[in-house]
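Trainee: The file below is structure13.json, JSON, C-alpha atoms and all ligand atoms:
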[["chain", "number", "residue", "atom", "x", "y", "z"],
["A", 200, "MET", "CA", 0.99, 26.09, -11.82],
["A", 201, "ASN", "CA", 4.50, 24.82, -12.44],
["A", 202, "CYS", "CA", 5.51, 21.22, -13.03],
["A", 203, "ASP", "CA", 7.32, 20.95, -9.69],
["A", 204, "GLU", "CA", 4.09, 21.85, -7.89],
["A", 205, "PHE", "CA", 1.99, 19.59, -10.13],
["A", 206, "VAL", "CA", 3.97, 16.43, -9.31],
["A", 207, "GLU", "CA", 3.34, 16.90, -5.60],
["A", 208, "LEU", "CA", -0.42, 17.17, -6.04],
["A", 209, "VAL", "CA", -1.02, 14.06, -8.15],
["A", 210, "THR", "CA", -2.31, 11.81, -5.38],
["A", 211, "ALA", "CA", -4.48, 14.54, -3.87],
["A", 212, "TYR", "CA", -5.91, 15.01, -7.37],
["A", 213, "LEU", "CA", -6.56, 11.29, -7.85],
["A", 214, "GLU", "CA", -8.23, 11.18, -4.42],
["A", 215, "GLY", "CA", -10.45, 14.13, -5.23],
["A", 216, "ALA", "CA", -8.95, 16.01, -2.31],
["A", 217, "LEU", "CA", -7.92, 19.26, -4.03],
["A", 218, "ASP", "CA", -9.85, 22.41, -3.27],
["A", 219, "GLU", "CA", -11.77, 23.94, -6.14],
["A", 220, "ALA", "CA", -9.20, 26.59, -7.08],
["A", 221, "THR", "CA", -6.23, 24.21, -6.95],
["A", 222, "GLN", "CA", -8.21, 21.61, -8.89],
["A", 223, "GLN", "CA", -8.73, 24.18, -11.65],
["A", 224, "ARG", "CA", -5.09, 25.18, -11.74],
["A", 225, "PHE", "CA", -4.10, 21.53, -11.79],
["A", 226, "ALA", "CA", -6.44, 20.73, -14.69],
["A", 227, "ALA", "CA", -5.27, 23.80, -16.61],
["A", 228, "HIS", "CA", -1.64, 22.75, -16.28],
["A", 229, "LEU", "CA", -2.46, 19.16, -17.21],
["A", 230, "SER", "CA", -4.13, 20.29, -20.43],
["A", 231, "GLU", "CA", -1.07, 22.18, -21.60],
["A", 232, "CYS", "CA", 1.90, 20.16, -20.30],
["A", 233, "ASP", "CA", 2.79, 16.86, -21.97],
["A", 234, "GLY", "CA", 5.48, 16.13, -19.37],
["A", 235, "CYS", "CA", 3.04, 16.31, -16.49],
["A", 236, "GLU", "CA", 0.41, 14.35, -18.38],
["A", 237, "ARG", "CA", 3.01, 11.65, -18.76],
["A", 238, "TYR", "CA", 3.94, 11.84, -15.08],
["A", 239, "LEU", "CA", 0.30, 11.47, -14.03],
["A", 240, "ASP", "CA", -0.11, 8.48, -16.38],
["A", 241, "GLN", "CA", 2.97, 6.84, -14.93],
["A", 242, "ILE", "CA", 1.68, 7.22, -11.38],
["A", 243, "ARG", "CA", -1.60, 5.65, -12.53],
["A", 244, "GLN", "CA", 0.33, 2.85, -14.21],
["A", 245, "THR", "CA", 2.38, 2.31, -11.05],
["A", 246, "VAL", "CA", -0.80, 2.04, -8.97],
["A", 247, "GLN", "CA", -2.32, -0.42, -11.44],
["A", 248, "THR", "CA", 0.76, -2.61, -11.41],
["A", 249, "LEU", "CA", 0.87, -2.57, -7.61],
["A", 250, "ALA", "CA", -2.57, -4.17, -7.62],
["A", 251, "THR", "CA", -1.31, -7.07, -9.76],
["A", 252, "LEU", "CA", 1.61, -8.18, -7.61],
["A", 253, "PRO", "CA", 1.31, -11.85, -6.70],
["A", 254, "PRO", "CA", -0.23, -12.21, -3.24],
["A", 255, "HIS", "CA", 1.55, -13.59, -0.22],
["A", 256, "SER", "CA", -0.62, -16.50, 0.83],
["A", 257, "LEU", "CA", -0.99, -18.35, 4.06],
["A", 258, "GLY", "CA", 0.31, -21.90, 3.59],
["A", 259, "GLY", "CA", -2.26, -24.66, 3.34],
["A", 260, "GLN", "CA", -0.99, -26.18, 6.58],
["A", 261, "ALA", "CA", -1.33, -22.94, 8.47],
["A", 262, "ARG", "CA", -4.84, -22.50, 7.13],
["A", 263, "ASP", "CA", -5.81, -26.03, 8.19],
["A", 264, "ARG", "CA", -4.34, -25.51, 11.65],
["A", 265, "LEU", "CA", -6.32, -22.32, 12.13],
["A", 266, "LEU", "CA", -9.57, -23.89, 11.01],
["A", 267, "GLU", "CA", -8.89, -26.76, 13.40],
["A", 268, "ALA", "CA", -8.17, -24.30, 16.22],
["A", 269, "PHE", "CA", -11.47, -22.54, 15.51],
["A", 270, "ARG", "CA", -13.35, -25.85, 15.58],
["A", 271, "GLU", "CA", -11.54, -26.90, 18.74],
["A", 272, "PHE", "CA", -12.34, -23.64, 20.52],
["A", 273, "HIS", "CA", -16.06, -24.00, 19.85],
["A", 274, "ARG", "CA", -16.28, -27.68, 20.64],
["B", 1047, "MET", "CA", -10.19, 1.34, -6.14],
["B", 1048, "GLU", "CA", -12.49, -0.37, -3.69],
["B", 1049, "ALA", "CA", -12.40, -3.78, -5.33],
["B", 1050, "ALA", "CA", -9.55, -5.56, -3.65],
["B", 1051, "PRO", "CA", -7.59, -8.15, -5.53],
["B", 1052, "GLY", "CA", -8.01, -11.25, -3.49],
["B", 1053, "GLY", "CA", -11.64, -10.34, -2.98],
["B", 1054, "ALA", "CA", -11.65, -8.89, 0.50],
["B", 1055, "ILE", "CA", -14.98, -9.01, 2.24],
["B", 1056, "GLN", "CA", -16.32, -5.53, 2.76],
["B", 1057, "THR", "CA", -17.16, -5.00, 6.38],
["B", 1058, "ASP", "CA", -17.60, -1.26, 6.43],
["B", 1059, "ALA", "CA", -21.13, -1.46, 7.75],
["B", 1060, "PRO", "CA", -21.32, -1.93, 11.53],
["B", 1061, "LEU", "CA", -24.39, -4.10, 11.07],
["B", 1062, "ILE", "CA", -22.49, -6.59, 8.93],
["B", 1063, "ASP", "CA", -19.62, -6.46, 11.40],
["B", 1064, "ALA", "CA", -21.91, -7.20, 14.31],
["B", 1065, "GLU", "CA", -23.39, -10.11, 12.41],
["B", 1066, "LEU", "CA", -19.98, -11.42, 11.43],
["B", 1067, "ALA", "CA", -18.73, -11.18, 14.99],
["B", 1068, "GLY", "CA", -21.85, -12.99, 16.15],
["B", 1069, "ARG", "CA", -21.23, -15.80, 13.70],
["B", 1070, "LEU", "CA", -17.63, -16.12, 14.86],
["B", 1071, "ARG", "CA", -18.74, -16.25, 18.49],
["B", 1072, "GLY", "CA", -21.26, -18.88, 17.55],
["B", 1073, "GLY", "CA", -18.59, -21.07, 15.99],
["B", 1074, "ASP", "CA", -19.66, -20.62, 12.34],
["B", 1075, "GLU", "CA", -16.70, -22.19, 10.59],
["B", 1076, "LYS", "CA", -17.72, -21.00, 7.14],
["B", 1077, "ALA", "CA", -17.70, -17.37, 8.29],
["B", 1078, "PHE", "CA", -14.28, -17.85, 9.85],
["B", 1079, "ALA", "CA", -12.87, -19.50, 6.71],
["B", 1080, "GLU", "CA", -14.15, -16.63, 4.58],
["B", 1081, "LEU", "CA", -12.42, -14.05, 6.74],
["B", 1082, "LEU", "CA", -9.27, -16.12, 6.86],
["B", 1083, "ASP", "CA", -9.13, -16.40, 3.08],
["B", 1084, "GLY", "CA", -10.22, -12.84, 2.42],
["B", 1085, "TRP", "CA", -7.93, -10.99, 4.80],
["B", 1086, "SER", "CA", -4.79, -13.09, 5.30],
["B", 1087, "GLN", "CA", -3.00, -11.95, 2.14],
["B", 1088, "ALA", "CA", -2.99, -8.28, 3.07],
["B", 1089, "MET", "CA", -2.25, -9.19, 6.69],
["B", 1090, "LEU", "CA", 0.84, -11.14, 5.59],
["B", 1091, "ARG", "CA", 2.14, -8.16, 3.66],
["B", 1092, "VAL", "CA", 1.52, -5.80, 6.54],
["B", 1093, "ALA", "CA", 3.19, -8.20, 8.99],
["B", 1094, "ARG", "CA", 6.14, -8.58, 6.63],
["B", 1095, "GLY", "CA", 6.68, -4.84, 6.95],
["B", 1096, "TYR", "CA", 7.51, -5.34, 10.64],
["B", 1097, "VAL", "CA", 9.50, -8.57, 10.73],
["B", 1098, "SER", "CA", 12.50, -9.89, 8.89],
["B", 1099, "SER", "CA", 11.28, -13.05, 7.22],
["B", 1100, "ASP", "CA", 8.26, -14.49, 5.42],
["B", 1101, "GLN", "CA", 8.15, -17.27, 8.00],
["B", 1102, "THR", "CA", 7.92, -14.85, 10.92],
["B", 1103, "ALA", "CA", 5.24, -12.88, 9.06],
["B", 1104, "GLU", "CA", 3.25, -16.08, 8.72],
["B", 1105, "ASP", "CA", 3.70, -16.77, 12.44],
["B", 1106, "VAL", "CA", 2.40, -13.28, 13.21],
["B", 1107, "VAL", "CA", -0.69, -13.80, 11.07],
["B", 1108, "GLN", "CA", -1.38, -17.18, 12.65],
["B", 1109, "GLU", "CA", -1.03, -15.78, 16.15],
["B", 1110, "THR", "CA", -3.36, -12.97, 15.19],
["B", 1111, "TRP", "CA", -6.07, -15.35, 14.04],
["B", 1112, "LEU", "CA", -5.67, -17.42, 17.20],
["B", 1113, "ALA", "CA", -6.09, -14.23, 19.24],
["B", 1114, "VAL", "CA", -9.21, -13.41, 17.20],
["B", 1115, "ILE", "CA", -10.66, -16.87, 17.81],
["B", 1116, "ARG", "CA", -10.14, -16.55, 21.57],
["B", 1117, "GLY", "CA", -10.86, -12.86, 21.89],
["B", 1118, "ILE", "CA", -13.82, -12.19, 19.61],
["B", 1119, "ASP", "CA", -16.02, -11.70, 22.70],
["B", 1120, "ARG", "CA", -14.03, -8.54, 23.39],
["B", 1121, "PHE", "CA", -14.92, -6.99, 20.03],
["B", 1122, "GLU", "CA", -17.34, -4.20, 20.88],
["B", 1123, "GLY", "CA", -17.93, -2.69, 17.47],
["B", 1124, "ARG", "CA", -16.25, 0.62, 18.25],
["B", 1125, "SER", "CA", -14.11, 0.17, 15.15],
["B", 1126, "SER", "CA", -14.74, -2.06, 12.16],
["B", 1127, "LEU", "CA", -14.02, -5.72, 12.70],
["B", 1128, "ARG", "CA", -11.20, -5.56, 10.19],
["B", 1129, "THR", "CA", -9.59, -2.61, 11.97],
["B", 1130, "TRP", "CA", -9.87, -4.48, 15.25],
["B", 1131, "VAL", "CA", -8.12, -7.49, 13.72],
["B", 1132, "TYR", "CA", -5.36, -5.25, 12.32],
["B", 1133, "ARG", "CA", -4.75, -3.63, 15.69],
["B", 1134, "ILE", "CA", -4.12, -7.10, 17.10],
["B", 1135, "LEU", "CA", -1.89, -7.93, 14.13],
["B", 1136, "VAL", "CA", 0.22, -4.81, 14.52],
["B", 1137, "ASN", "CA", 0.70, -5.40, 18.26],
["B", 1138, "ILE", "CA", 1.81, -9.00, 17.70],
["B", 1139, "ALA", "CA", 4.08, -7.97, 14.82],
["B", 1140, "LYS", "CA", 5.74, -5.31, 16.98],
["B", 1141, "ALA", "CA", 6.31, -7.84, 19.76],
["B", 1142, "HIS", "CA", 7.97, -10.21, 17.29],
["B", 1143, "ARG", "CA", 10.02, -7.40, 15.93],
["B", 1144, "ALA", "CA", 11.27, -6.55, 19.41],
["B", 1145, "ARG", "CA", 12.66, -10.04, 19.98],
["B", 1146, "ASP", "CA", 13.84, -10.51, 16.41],
["B", 1147, "SER", "CA", 17.57, -9.91, 16.72],
["B", 1148, "ARG", "CA", 18.20, -10.04, 12.99],
["B", 1149, "THR", "CA", 16.02, -7.02, 12.41],
["B", 1150, "VAL", "CA", 17.74, -3.70, 12.16],
["B", 1151, "PRO", "CA", 16.56, -1.30, 14.86],
["B", 1152, "TRP", "CA", 13.56, 0.87, 14.19],
["B", 1153, "PRO", "CA", 14.83, 3.73, 12.04],
["B", 1154, "ALA", "CA", 15.77, 6.58, 14.30],
["B", 1155, "LEU", "CA", 15.39, 9.10, 11.52],
["B", 1156, "ALA", "CA", 11.97, 10.61, 11.19],
["B", 1157, "GLU", "CA", 10.49, 10.21, 7.75],
["B", 1158, "ASP", "CA", 10.76, 13.54, 6.00],
["B", 1159, "ASP", "CA", 7.27, 14.31, 4.77],
["B", 1160, "THR", "CA", 8.14, 17.62, 3.19],
["B", 1161, "ALA", "CA", 11.08, 16.95, 0.86],
["B", 1162, "PRO", "CA", 10.20, 17.00, -2.85],
["B", 1163, "THR", "CA", 9.17, 13.59, -4.22],
["B", 1164, "VAL", "CA", 10.77, 14.30, -7.59],
["B", 1165, "ASP", "CA", 14.46, 15.24, -7.77],
["B", 1166, "ARG", "CA", 14.74, 19.05, -7.97],
["B", 1167, "GLY", "CA", 17.31, 18.59, -10.73],
["B", 1168, "ARG", "CA", 14.55, 17.46, -13.04],
["B", 1169, "PHE", "CA", 13.13, 20.98, -13.09],
["B", 1170, "GLN", "CA", 14.57, 24.22, -14.39],
["B", 1171, "SER", "CA", 16.00, 26.59, -11.84],
["B", 1172, "ALA", "CA", 15.30, 30.29, -11.42],
["B", 1173, "ASP", "CA", 17.91, 31.40, -13.98],
["B", 1174, "GLU", "CA", 16.57, 29.17, -16.75],
["B", 1175, "PRO", "CA", 13.82, 30.10, -19.23],
["B", 1176, "TYR", "CA", 10.98, 28.19, -17.52],
["B", 1177, "PRO", "CA", 11.65, 27.92, -13.78],
["B", 1178, "GLY", "CA", 9.82, 25.01, -12.16],
["B", 1179, "HIS", "CA", 9.16, 23.29, -15.46],
["B", 1180, "TRP", "CA", 10.64, 19.99, -16.64],
["B", 1181, "ARG", "CA", 14.16, 20.23, -18.01],
["B", 1182, "ARG", "CA", 13.34, 17.15, -19.96],
["B", 1183, "PHE", "CA", 10.04, 15.31, -19.88],
["B", 1184, "PRO", "CA", 9.88, 11.98, -18.13],
["B", 1185, "MET", "CA", 10.81, 9.32, -20.66],
["B", 1186, "VAL", "CA", 8.09, 7.27, -22.32],
["B", 1187, "TRP", "CA", 7.79, 3.87, -20.68],
["B", 1188, "PRO", "CA", 7.75, 0.90, -23.00],
["B", 1189, "SER", "CA", 4.77, -1.38, -22.58],
["B", 1190, "PRO", "CA", 5.94, -4.63, -21.02],
["B", 1191, "GLU", "CA", 5.95, -6.72, -24.19],
["B", 1192, "THR", "CA", 7.22, -9.97, -22.85],
["B", 1193, "ASP", "CA", 6.53, -12.00, -19.76],
["B", 1194, "VAL", "CA", 10.16, -11.58, -18.79],
["B", 1195, "VAL", "CA", 9.86, -7.78, -18.73],
["B", 1196, "ALA", "CA", 6.51, -7.93, -16.93],
["B", 1197, "HIS", "CA", 8.14, -10.18, -14.37],
["B", 1198, "GLU", "CA", 11.10, -7.82, -13.98],
["B", 1199, "VAL", "CA", 8.74, -4.89, -13.56],
["B", 1200, "ARG", "CA", 7.00, -6.66, -10.71],
["B", 1201, "ASP", "CA", 10.33, -7.57, -9.12],
["B", 1202, "THR", "CA", 11.43, -3.95, -9.40],
["B", 1203, "ILE", "CA", 8.25, -2.82, -7.68],
["B", 1204, "GLU", "CA", 8.55, -5.44, -4.94],
["B", 1205, "ALA", "CA", 12.09, -4.28, -4.23],
["B", 1206, "ALA", "CA", 11.06, -0.63, -4.23],
["B", 1207, "VAL", "CA", 8.20, -1.32, -1.82],
["B", 1208, "ALA", "CA", 10.48, -3.28, 0.50],
["B", 1209, "GLU", "CA", 12.74, -0.25, 0.82],
["B", 1210, "LEU", "CA", 10.02, 2.26, 1.65],
["B", 1211, "PRO", "CA", 9.90, 3.75, 5.14],
["B", 1212, "GLN", "CA", 7.57, 1.76, 7.37],
["B", 1213, "ARG", "CA", 4.46, 3.93, 7.33],
["B", 1214, "GLN", "CA", 4.66, 4.65, 3.60],
["B", 1215, "ARG", "CA", 4.95, 0.96, 2.97],
["B", 1216, "LEU", "CA", 1.95, 0.14, 5.13],
["B", 1217, "VAL", "CA", -0.26, 2.75, 3.48],
["B", 1218, "LEU", "CA", 0.78, 1.71, -0.03],
["B", 1219, "THR", "CA", 0.29, -1.96, 0.75],
["B", 1220, "LEU", "CA", -3.23, -1.51, 2.05],
["B", 1221, "ARG", "CA", -4.39, 1.14, -0.42],
["B", 1222, "ASP", "CA", -2.82, 0.19, -3.73],
["B", 1223, "MET", "CA", -2.06, -3.50, -3.38],
["B", 1224, "HIS", "CA", -5.16, -4.54, -1.48],
["B", 1225, "GLY", "CA", -7.68, -1.84, -2.31],
["B", 1226, "TYR", "CA", -8.56, -0.74, 1.23],
["B", 1227, "SER", "CA", -10.31, 2.62, 1.48],
["B", 1228, "ALA", "CA", -8.57, 5.76, 2.71],
["B", 1229, "VAL", "CA", -10.95, 5.88, 5.68],
["B", 1230, "GLU", "CA", -10.10, 2.37, 6.76],
["B", 1231, "VAL", "CA", -6.35, 2.90, 6.43],
["B", 1232, "CYS", "CA", -6.58, 6.04, 8.56],
["B", 1233, "GLU", "CA", -8.39, 4.01, 11.19],
["B", 1234, "ILE", "CA", -6.00, 1.05, 11.14],
["B", 1235, "LEU", "CA", -2.83, 3.13, 11.26],
["B", 1236, "GLU", "CA", -4.31, 5.95, 13.34],
["B", 1237, "VAL", "CA", -3.23, 8.72, 11.00],
["B", 1238, "SER", "CA", -5.12, 11.77, 9.73],
["B", 1239, "PRO", "CA", -6.58, 11.80, 6.19],
["B", 1240, "GLN", "CA", -4.06, 14.44, 5.22],
["B", 1241, "ASN", "CA", -1.18, 12.40, 6.59],
["B", 1242, "GLN", "CA", -2.44, 9.25, 4.92],
["B", 1243, "ARG", "CA", -2.49, 11.04, 1.56],
["B", 1244, "VAL", "CA", 1.02, 12.39, 2.00],
["B", 1245, "LEU", "CA", 2.37, 8.94, 2.90],
["B", 1246, "LEU", "CA", 0.58, 7.38, -0.06],
["B", 1247, "HIS", "CA", 1.87, 9.99, -2.44],
["B", 1248, "ARG", "CA", 5.46, 9.73, -1.26],
["B", 1249, "ALA", "CA", 5.33, 5.96, -1.57],
["B", 1250, "ARG", "CA", 3.85, 6.06, -5.09],
["B", 1251, "ALA", "CA", 6.38, 8.64, -6.25],
["B", 1252, "ALA", "CA", 9.25, 6.54, -4.89],
["B", 1253, "VAL", "CA", 8.02, 3.39, -6.64],
["B", 1254, "ARG", "CA", 7.45, 5.31, -9.88],
["B", 1255, "ALA", "CA", 11.00, 6.65, -9.68],
["B", 1256, "ARG", "CA", 12.36, 3.12, -9.37],
["B", 1257, "LEU", "CA", 10.38, 2.02, -12.39],
["B", 1258, "GLU", "CA", 11.70, 4.98, -14.34],
["B", 1259, "GLU", "CA", 15.21, 3.95, -13.38],
["B", 1260, "TYR", "CA", 14.50, 0.39, -14.49],
["B", 1261, "PHE", "CA", 13.02, 1.44, -17.84],
["B", 1262, "GLY", "CA", 15.90, 3.84, -18.38],
["B", 1263, "ARG", "CA", 18.48, 1.06, -18.38],
["B", 1264, "PRO", "CA", 19.72, 0.38, -21.90],
["B", 1265, "SER", "CA", 18.99, -3.35, -21.76],
["B", 1266, "THR", "CA", 15.27, -2.91, -21.23],
["B", 1267, "GLY", "CA", 14.80, -1.08, -24.51],
["B", 1268, "GLY", "CA", 13.44, 1.98, -22.77],
["B", 1269, "GLY", "CA", 16.05, 4.42, -23.98],
["B", 1270, "GLU", "CA", 15.78, 8.15, -24.25],
["B", 1271, "ALA", "CA", 12.59, 9.86, -25.16],
["B", 1272, "ARG", "CA", 11.26, 13.35, -24.88],
["A", 1301, "ZN", "ZN", 4.10, 20.36, -16.22]]
Would you write the structure of this file as structure tokens?
Ligand SMILES: [Zn+2]

Mentor:
Amino acid sequence: MNCDEFVELVTAYLEGALDEATQQRFAAHLSECDGCERYLDQIRQTVQTLATLPPHSLGGQARDRLLEAFREFHR
Amino acid sequence: MEAAPGGAIQTDAPLIDAELAGRLRGGDEKAFAELLDGWSQAMLRVARGYVSSDQTAEDVVQETWLAVIRGIDRFEGRSSLRTWVYRILVNIAKAHRARDSRTVPWPALAEDDTAPTVDRGRFQSADEPYPGHWRRFPMVWPSPETDVVAHEVRDTIEAAVAELPQRQRLVLTLRDMHGYSAVEVCEILEVSPQNQRVLLHRARAAVRARLEEYFGRPSTGGGEAR
């Protein structure tokens, strides 16, 4: 496997979606290519950071209004 | 990656869904508050992908919940409850988008799902010693040492996500930001597993590339590395 193929398979690899033969070629390349190891790590790091972005939250007023609407509907 | 930041309630099991729906129909306010708090954050981000302001996104989410309150009797359990709620959300968001004059028109260009996600110039060509291999390895990223850098990294990512094509952005938002499963994202967006994976990969690669660009700027102390 070459590096330009490797970089396109990273997500399929992380999702466990590669077929057996491709999985083996991927792992073999990973074990011998520092550049691709780094690329894979950086994708992992990107995914981890995405999970830490501050959430967009519904304003307290909006939340209160919706709870009130729910109450009202079932009254 | 199932544990969602923001602690989304897992409603994969139809049984739990049926029970939840029953509690909503019965006017159980605690159940409604839990859903509201558990799901609204991801819903806001998804809505924001369709409309041009945070305020409009909030309107979309509020309208969605109102529609859920009034329409829960129509939930038949053919999809998960969360998918059902998202279908409503997407319809309302699209309607807002249609009357939102400030929004640029829906991109006419189809998203190219086959172009390489890493610039071809990064790899050696056929007449070089190792065709298809890195010309130069990706640079080492510095660990974000200060709060300022960590903050800038998050800003860089936010900006990169905002620029993604619609479907890539939606998949990345639900999968990587909010920890939804691949199965659920396929259901919500009505895409195949294969397609979902391609969209996710393209989005991740684009965000990684923006981070690389950010770290490569001299002022961030990234610098050159092999
Ligand atoms: Zn490689």

Trainee: Give the residues close to ligand ZN 1301 (chain A), within 9 Å, counting all atoms listed in the file; write them as number ranges by chain.

Mentor: A: 200-206, 228-229, 231-236, 238; B: 1178-1180, 1183

Trainee: Export, as a CSV table (one decimal), in the coordinates of the input, the selected residues with C-alpha atoms.

Mentor:
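Written file, selection.csv:
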chain,number,residue,atom,x,y,z
A,200,MET,CA,1.0,26.1,-11.8
A,201,ASN,CA,4.5,24.8,-12.4
A,202,CYS,CA,5.5,21.2,-13.0
A,203,ASP,CA,7.3,21.0,-9.7
A,204,GLU,CA,4.1,21.8,-7.9
A,205,PHE,CA,2.0,19.6,-10.1
A,206,VAL,CA,4.0,16.4,-9.3
A,228,HIS,CA,-1.6,22.8,-16.3
A,229,LEU,CA,-2.5,19.2,-17.2
A,231,GLU,CA,-1.1,22.2,-21.6
A,232,CYS,CA,1.9,20.2,-20.3
A,233,ASP,CA,2.8,16.9,-22.0
A,234,GLY,CA,5.5,16.1,-19.4
A,235,CYS,CA,3.0,16.3,-16.5
A,236,GLU,CA,0.4,14.4,-18.4
A,238,TYR,CA,3.9,11.8,-15.1
B,1178,GLY,CA,9.8,25.0,-12.2
B,1179,HIS,CA,9.2,23.3,-15.5
B,1180,TRP,CA,10.6,20.0,-16.6
B,1183,PHE,CA,10.0,15.3,-19.9

Trainee: Please produce, as CSV, a per-residue contact table for chain A versus chain B (criterion: any atom at most 9 Å away, only C-alpha atoms considered), showing the nearest atom pair and its distance in Å to one decimal, sorted by chain then residue number.

Mentor:
residue,atom,partner,partner_atom,distance
A:Met200,CA,B:Gly1178,CA,8.9
A:Asn201,CA,B:Gly1178,CA,5.3
A:Cys202,CA,B:His1179,CA,4.8
A:Asp203,CA,B:Gly1178,CA,5.4
A:Glu204,CA,B:Gly1178,CA,7.8
A:Val206,CA,B:Val1164,CA,7.3
A:Glu207,CA,B:Thr1163,CA,6.8
A:Leu208,CA,B:His1247,CA,8.4
A:Val209,CA,B:His1247,CA,7.6
A:Thr210,CA,B:His1247,CA,5.4
A:Ala211,CA,B:Arg1243,CA,6.8
A:Glu214,CA,B:Arg1243,CA,8.3
A:Asp233,CA,B:Phe1183,CA,7.7
A:Gly234,CA,B:Phe1183,CA,4.7
A:Cys235,CA,B:Phe1183,CA,7.8
A:Arg237,CA,B:Pro1184,CA,6.9
A:Tyr238,CA,B:Pro1184,CA,6.7
A:Gln241,CA,B:Arg1254,CA,6.9
A:Ile242,CA,B:Arg1254,CA,6.3
A:Gln244,CA,B:Arg1254,CA,8.7
A:Thr245,CA,B:Arg1254,CA,6.0
A:Val246,CA,B:Asp1222,CA,5.9
A:Gln247,CA,B:Asp1222,CA,7.8
A:Thr248,CA,B:Arg1200,CA,7.5
A:Leu249,CA,B:Met1223,CA,5.2
A:Ala250,CA,B:Met1223,CA,4.3
A:Thr251,CA,B:Met1223,CA,7.3
A:Leu252,CA,B:Arg1200,CA,6.4
A:Pro253,CA,B:Arg1200,CA,8.7
A:Pro254,CA,B:Gln1087,CA,6.1
A:His255,CA,B:Gln1087,CA,5.4
A:Ser256,CA,B:Gln1087,CA,5.3
A:Leu257,CA,B:Ser1086,CA,6.6
A:Gly258,CA,B:Glu1104,CA,8.3
A:Ala261,CA,B:Gln1108,CA,7.1
A:Arg262,CA,B:Leu1082,CA,7.8
A:Arg264,CA,B:Gln1108,CA,8.9
A:Leu265,CA,B:Leu1112,CA,7.1
A:Leu266,CA,B:Ala1079,CA,7.0
A:Ala268,CA,B:Leu1112,CA,7.4
A:Phe269,CA,B:Ile1115,CA,6.2
A:Arg270,CA,B:Glu1075,CA,7.0
A:Phe272,CA,B:Ile1115,CA,7.5
A:His273,CA,B:Gly1073,CA,5.5
A:Arg274,CA,B:Gly1073,CA,8.4

Trainee: Report, in Å with one decimal, the straight-line distance from atom CA of Thr1202 of chain B to atom CA of Arg243 of chain A.

Mentor: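 Spanning atom CA of Thr1202 of chain B to atom CA of Arg243 of chain A is a straight-line distance of 16.5 Å.
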
Trainee: May I ask for the distance between atom CA of Leu1210 of chain B and atom CA of Leu1135 of chain B, given in Å to one decimal place?

Mentor: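 That distance, rounded to one decimal, is 20.0 Å.
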
Trainee: Of the candidates B:Gly1123, B:Pro1188, B:Gly1167, B:Gly1262, which one gets nearest to Ala1064 of chain B if we count all atoms listed in the file?

Mentor: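 Of B:Gly1123, B:Pro1188, B:Gly1167, B:Gly1262, the one nearest Ala1064 of chain B is B:Gly1123, counting all atoms listed in the file.
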
Trainee: So which residues touch Phe1121 of chain B within 10 Å, counting only C-alpha atoms, skipping near sequence neighbours fewer than 5 positions away, as a list in words?

Mentor: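 What passes the distance filter is Asp1063, Ala1064, Ala1067, Gly1068, Val1114, Ser1126, Leu1127, Trp1130 and Val1131 of chain B.
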